[in-house]
Amino acid sequence: MDIKQLRYFIALAEELQVTSAALRLHMSQPPLSQQLKLMEEELGVSLFVRSGRHLELTAPGKTLYEHALTITRLLEEAKEEVKESGLGLRGKLSIGINTLSDERLPAVLSAFRQLYPKVTFKIQQNETNTLTRLIKDKALDLAIVRLPVSLEDFDHVILGAEPLFFVTGAGDEQLEKVTYDCIAKHPLVLPSTEGLGLYHLILDQFHSRGLSPAVIGECSDIGMLVELIASGFGASILPRTSVNRYQNHRIRIVPIDGPDVTSSSAVIWLKQHYLSKAAQKLIDLIAGPLLR
């Protein structure tokens with residue numbers, strides 16, 4: 001077997017269909033099927049069970065898949081390390097963020113650029129579920145997402161917890177603290193369900209108290225959400241760092257009374273996938289100041 005055959009096999013193992021794997025590899029189906037046949041003949045085992053157009057990995061196939069991922073990852077790492085040893089740290093990093101990401105990220109990126117000026121960035125803002133899909137599709141190197149979200153397919157670094165706050169218009173009554181019972185009486189615009197974890201975390205606080213909040217809408221963009229709150233359209237519940245930068249936007253940020261409910265962010269990247277040295281350095285830099 002050679003590295004090209006291993007890449008063919010990985011595509012088949014992940015797509016579980018010859019047609020889809022061939023499209024992914026930009027090749028026709030017959031040569032791909034022939035390569036699979038040659039691999040099975042060389043190894044003397046069946047790597048897949050065929051069921052119509054669909055494939056299912058056999059036990060030997062699963063073993064080979066794990067080794068194939070490791071081998072291709074090590075090859076990529078070797079190539080990148082050789083390049084970096086001669087040229088220094090460079091390349092492009094594709095980073096995903098959502099509008100609820102930590103407010104200190106711009107300062108971290110500025111510090112990174114000072115350390116590694118030859119690295120360029122593509123920064124993409126989207127909802128958490130879209131960001132996780134883009135990482136799985138290898139369109140992003142890493143992303144900062146708001147938890148909770150399923151981390152089964154990702155390696156990650158938790159960036160610390162922060163409290164939730166009730167956010168309302170500046171013209172509303174003065175409040176030093178507010179309870180969920182009181183918040184349930186306000187019309188609420190919550191972070192979008194597309195953000196997954198935070199939306200459900202907020203709703204759970206009401207449901208666990210036997211309350212039904214008056215949710216009048218959702219908004220996926222933190223800037224627009226703050227503008228809606230400032231205009232008197234509704235109130236919301238948001239993590240501290242998501243609203244700190246908007247304190248002068250005619251809003252009031254009120255602590256929530258009761259057991260401290262927190263929300264966390266995390267840097268995530270795809271498991272068993274090559275991570276460039278630039279990406280590794282950025283993760284180290286993000287995790288350092290954000291965890292302090």
# chains A, B, ... in the order shown; residues from 1 in each chain; ligands from 1
$ select_by_dssp --residues "segment 119-261 of chain A" --states "alpha helix (DSSP H)" --output "PDB file with C-alpha atoms, in the first residue's frame"
ATOM      1  CA  THR A 128     -21.980  27.164  16.704  1.00  0.00           C
ATOM      2  CA  ASN A 129     -23.598  24.280  14.809  1.00  0.00           C
ATOM      3  CA  THR A 130     -22.370  25.705  11.493  1.00  0.00           C
ATOM      4  CA  LEU A 131     -18.858  26.163  12.888  1.00  0.00           C
ATOM      5  CA  THR A 132     -18.720  22.557  14.098  1.00  0.00           C
ATOM      6  CA  ARG A 133     -19.807  21.357  10.649  1.00  0.00           C
ATOM      7  CA  LEU A 134     -17.166  23.498   8.934  1.00  0.00           C
ATOM      8  CA  ILE A 135     -14.463  22.011  11.168  1.00  0.00           C
ATOM      9  CA  LYS A 136     -15.677  18.499  10.318  1.00  0.00           C
ATOM     10  CA  TYR A 180     -35.707  34.208  37.188  1.00  0.00           C
ATOM     11  CA  ASP A 181     -39.273  34.641  38.449  1.00  0.00           C
ATOM     12  CA  CYS A 182     -39.003  38.335  37.654  1.00  0.00           C
ATOM     13  CA  ILE A 183     -37.225  37.766  34.329  1.00  0.00           C
ATOM     14  CA  GLY A 197     -26.091  25.028  24.027  1.00  0.00           C
ATOM     15  CA  LEU A 198     -26.583  28.558  25.362  1.00  0.00           C
ATOM     16  CA  TYR A 199     -30.205  28.824  24.234  1.00  0.00           C
ATOM     17  CA  HIS A 200     -31.095  25.568  25.973  1.00  0.00           C
ATOM     18  CA  LEU A 201     -28.991  26.422  29.036  1.00  0.00           C
ATOM     19  CA  ILE A 202     -31.056  29.591  29.504  1.00  0.00           C
ATOM     20  CA  LEU A 203     -34.384  27.832  29.014  1.00  0.00           C
ATOM     21  CA  ASP A 204     -33.369  25.127  31.502  1.00  0.00           C
ATOM     22  CA  GLN A 205     -33.026  27.780  34.205  1.00  0.00           C
ATOM     23  CA  PHE A 206     -36.695  28.667  33.797  1.00  0.00           C
ATOM     24  CA  HIS A 207     -38.000  25.121  33.383  1.00  0.00           C
ATOM     25  CA  ILE A 222     -25.019  39.878  19.455  1.00  0.00           C
ATOM     26  CA  GLY A 223     -24.752  43.417  18.062  1.00  0.00           C
ATOM     27  CA  MET A 224     -28.292  43.339  16.682  1.00  0.00           C
ATOM     28  CA  LEU A 225     -29.562  41.691  19.870  1.00  0.00           C
ATOM     29  CA  VAL A 226     -28.119  44.526  21.973  1.00  0.00           C
ATOM     30  CA  GLU A 227     -29.693  47.110  19.648  1.00  0.00           C
ATOM     31  CA  LEU A 228     -33.065  45.388  20.018  1.00  0.00           C
ATOM     32  CA  ILE A 229     -32.709  45.478  23.800  1.00  0.00           C
ATOM     33  CA  ALA A 230     -31.683  49.156  23.771  1.00  0.00           C
ATOM     34  CA  ARG A 240     -20.709  38.661  30.829  1.00  0.00           C
ATOM     35  CA  THR A 241     -18.097  38.979  28.080  1.00  0.00           C
ATOM     36  CA  SER A 242     -20.791  39.083  25.403  1.00  0.00           C
ATOM     37  CA  VAL A 243     -22.195  42.341  26.774  1.00  0.00           C
ATOM     38  CA  ASN A 244     -19.128  44.027  28.299  1.00  0.00           C
TER      39      ASN A 244
END
$ residues_around --residues "Pro187 of chain A" --least-positions-apart "2" --cutoff "8 Å" --atoms "only C-alpha atoms" --output "NGL selection string"
:A and (184-185 or 189 or 213-216 or 234-235)
$ write_last_selection --atoms "C-alpha atoms" --output "PDB file, in the first residue's frame"
ATOM      1  CA  ALA A 184     -39.998  35.380  33.199  1.00  0.00           C
ATOM      2  CA  LYS A 185     -42.402  38.344  33.174  1.00  0.00           C
ATOM      3  CA  VAL A 189     -35.153  37.818  22.844  1.00  0.00           C
ATOM      4  CA  PRO A 213     -40.558  32.538  29.944  1.00  0.00           C
ATOM      5  CA  ALA A 214     -42.127  34.929  27.450  1.00  0.00           C
ATOM      6  CA  VAL A 215     -39.746  34.311  24.539  1.00  0.00           C
ATOM      7  CA  ILE A 216     -40.762  36.644  21.724  1.00  0.00           C
ATOM      8  CA  GLY A 234     -37.272  43.058  24.648  1.00  0.00           C
ATOM      9  CA  ALA A 235     -34.757  41.892  27.237  1.00  0.00           C
TER      10      ALA A 235
END
$ closest_residue --among "A:Thr168, A:Ser265, A:Ser20, A:Ser110" --to "Val149 of chain A" --atoms "only C-alpha atoms"
A:Ser265
$ residues_around --residues "Leu25 of chain A" --least-positions-apart "3" --cutoff "8 Å" --atoms "only C-alpha atoms" --output "list in words"
Tyr8, Ala11, Ala21 and Ala22 of chain A
$ closest_residue --among "A:Ile158, A:Ala111, A:Leu164, A:Leu43" --to "Asp257 of chain A" --atoms "only C-alpha atoms"
A:Leu164
$ select_by_dssp --residues "segment 153-220 of chain A" --states "strand (DSSP E or B)" --output "JSON, numbers by chain"
{"A": [154, 155, 156, 157, 158, 159, 160, 161, 162, 163, 164, 165, 166, 167, 168, 169, 178, 187, 188, 189, 190, 191, 214, 215, 216, 217, 218, 219]}
$ residues_around --residues "Phe165 of chain A" --least-positions-apart "4" --cutoff "7 Å" --atoms "only C-alpha atoms" --output "number ranges by chain"
A: 237-240, 253-256
$ atom_distance --atom1 "atom CA of Met1 of chain A" --atom2 "atom CA of Met39 of chain A"
6.7 Å
$ closest_residue --among "A:Pro259, A:Pro106, A:Gly61, A:Gly217" --to "Leu36 of chain A" --atoms "only C-alpha atoms"
A:Gly61
$ closest_residue --among "A:Ile95, A:Leu6, A:Leu142, A:Leu151" --to "His67 of chain A" --atoms "only C-alpha atoms"
A:Leu6
$ decode --residues "segment 9-42 of chain A" --atoms "N, CA and C atoms" --output "compact mmCIF listing (two decimals), in the first residue's frame"
# COMPACT_ATOMS: atom_id res chain seq x y z
N PHE A 9 -8.67 5.11 0.93
CA PHE A 9 -9.36 4.30 1.93
C PHE A 9 -10.03 5.18 2.98
N ILE A 10 -9.35 6.23 3.41
CA ILE A 10 -9.93 7.14 4.41
C ILE A 10 -11.22 7.76 3.88
N ALA A 11 -11.18 8.18 2.62
CA ALA A 11 -12.40 8.77 2.02
C ALA A 11 -13.53 7.76 1.99
N LEU A 12 -13.24 6.52 1.62
CA LEU A 12 -14.27 5.48 1.60
C LEU A 12 -14.79 5.20 3.01
N ALA A 13 -13.89 5.16 4.00
CA ALA A 13 -14.29 4.87 5.38
C ALA A 13 -15.16 5.97 5.96
N GLU A 14 -14.95 7.20 5.53
CA GLU A 14 -15.71 8.32 6.07
C GLU A 14 -16.99 8.58 5.30
N GLU A 15 -16.98 8.30 4.01
CA GLU A 15 -18.19 8.52 3.21
C GLU A 15 -19.10 7.30 3.21
N LEU A 16 -18.50 6.11 3.33
CA LEU A 16 -19.24 4.83 3.32
C LEU A 16 -20.08 4.66 2.06
N GLN A 17 -19.58 5.21 0.99
CA GLN A 17 -20.24 5.06 -0.31
C GLN A 17 -19.21 5.39 -1.39
N VAL A 18 -19.07 4.53 -2.37
CA VAL A 18 -18.06 4.73 -3.40
C VAL A 18 -18.33 6.02 -4.17
N THR A 19 -19.59 6.26 -4.49
CA THR A 19 -19.94 7.46 -5.27
C THR A 19 -19.51 8.73 -4.55
N SER A 20 -19.87 8.83 -3.27
CA SER A 20 -19.52 10.04 -2.49
C SER A 20 -18.01 10.17 -2.32
N ALA A 21 -17.34 9.04 -2.06
CA ALA A 21 -15.89 9.08 -1.89
C ALA A 21 -15.20 9.51 -3.18
N ALA A 22 -15.69 9.02 -4.32
CA ALA A 22 -15.10 9.39 -5.60
C ALA A 22 -15.27 10.89 -5.87
N LEU A 23 -16.44 11.41 -5.55
CA LEU A 23 -16.68 12.86 -5.71
C LEU A 23 -15.73 13.65 -4.82
N ARG A 24 -15.58 13.20 -3.60
CA ARG A 24 -14.68 13.88 -2.66
C ARG A 24 -13.24 13.88 -3.15
N LEU A 25 -12.84 12.78 -3.80
CA LEU A 25 -11.47 12.63 -4.28
C LEU A 25 -11.26 13.17 -5.69
N HIS A 26 -12.36 13.64 -6.31
CA HIS A 26 -12.30 14.18 -7.68
C HIS A 26 -11.77 13.12 -8.66
N MET A 27 -12.36 11.94 -8.56
CA MET A 27 -11.99 10.86 -9.47
C MET A 27 -13.23 10.06 -9.80
N SER A 28 -13.14 9.19 -10.80
CA SER A 28 -14.29 8.36 -11.17
C SER A 28 -14.36 7.13 -10.27
N GLN A 29 -15.51 6.47 -10.27
CA GLN A 29 -15.73 5.34 -9.37
C GLN A 29 -14.92 4.09 -9.72
N PRO A 30 -14.81 3.69 -10.98
CA PRO A 30 -14.11 2.42 -11.28
C PRO A 30 -12.68 2.36 -10.75
N PRO A 31 -11.84 3.41 -10.96
CA PRO A 31 -10.48 3.33 -10.42
C PRO A 31 -10.45 3.24 -8.90
N LEU A 32 -11.41 3.92 -8.24
CA LEU A 32 -11.45 3.87 -6.79
C LEU A 32 -11.82 2.47 -6.32
N SER A 33 -12.80 1.87 -6.96
CA SER A 33 -13.18 0.49 -6.60
C SER A 33 -12.03 -0.47 -6.85
N GLN A 34 -11.27 -0.24 -7.94
CA GLN A 34 -10.12 -1.09 -8.25
C GLN A 34 -9.04 -0.97 -7.19
N GLN A 35 -8.80 0.25 -6.70
CA GLN A 35 -7.79 0.45 -5.66
C GLN A 35 -8.20 -0.25 -4.37
N LEU A 36 -9.48 -0.20 -4.04
CA LEU A 36 -9.96 -0.90 -2.85
C LEU A 36 -9.76 -2.40 -3.00
N LYS A 37 -10.06 -2.93 -4.18
CA LYS A 37 -9.88 -4.36 -4.43
C LYS A 37 -8.41 -4.76 -4.27
N LEU A 38 -7.50 -3.92 -4.78
CA LEU A 38 -6.07 -4.21 -4.67
C LEU A 38 -5.61 -4.21 -3.21
N MET A 39 -6.14 -3.29 -2.43
CA MET A 39 -5.78 -3.22 -1.01
C MET A 39 -6.24 -4.47 -0.28
N GLU A 40 -7.48 -4.88 -0.56
CA GLU A 40 -8.02 -6.07 0.12
C GLU A 40 -7.25 -7.32 -0.29
N GLU A 41 -6.85 -7.40 -1.55
CA GLU A 41 -6.07 -8.56 -2.01
C GLU A 41 -4.70 -8.57 -1.34
N GLU A 42 -4.09 -7.40 -1.21
CA GLU A 42 -2.77 -7.33 -0.58
C GLU A 42 -2.83 -7.72 0.89
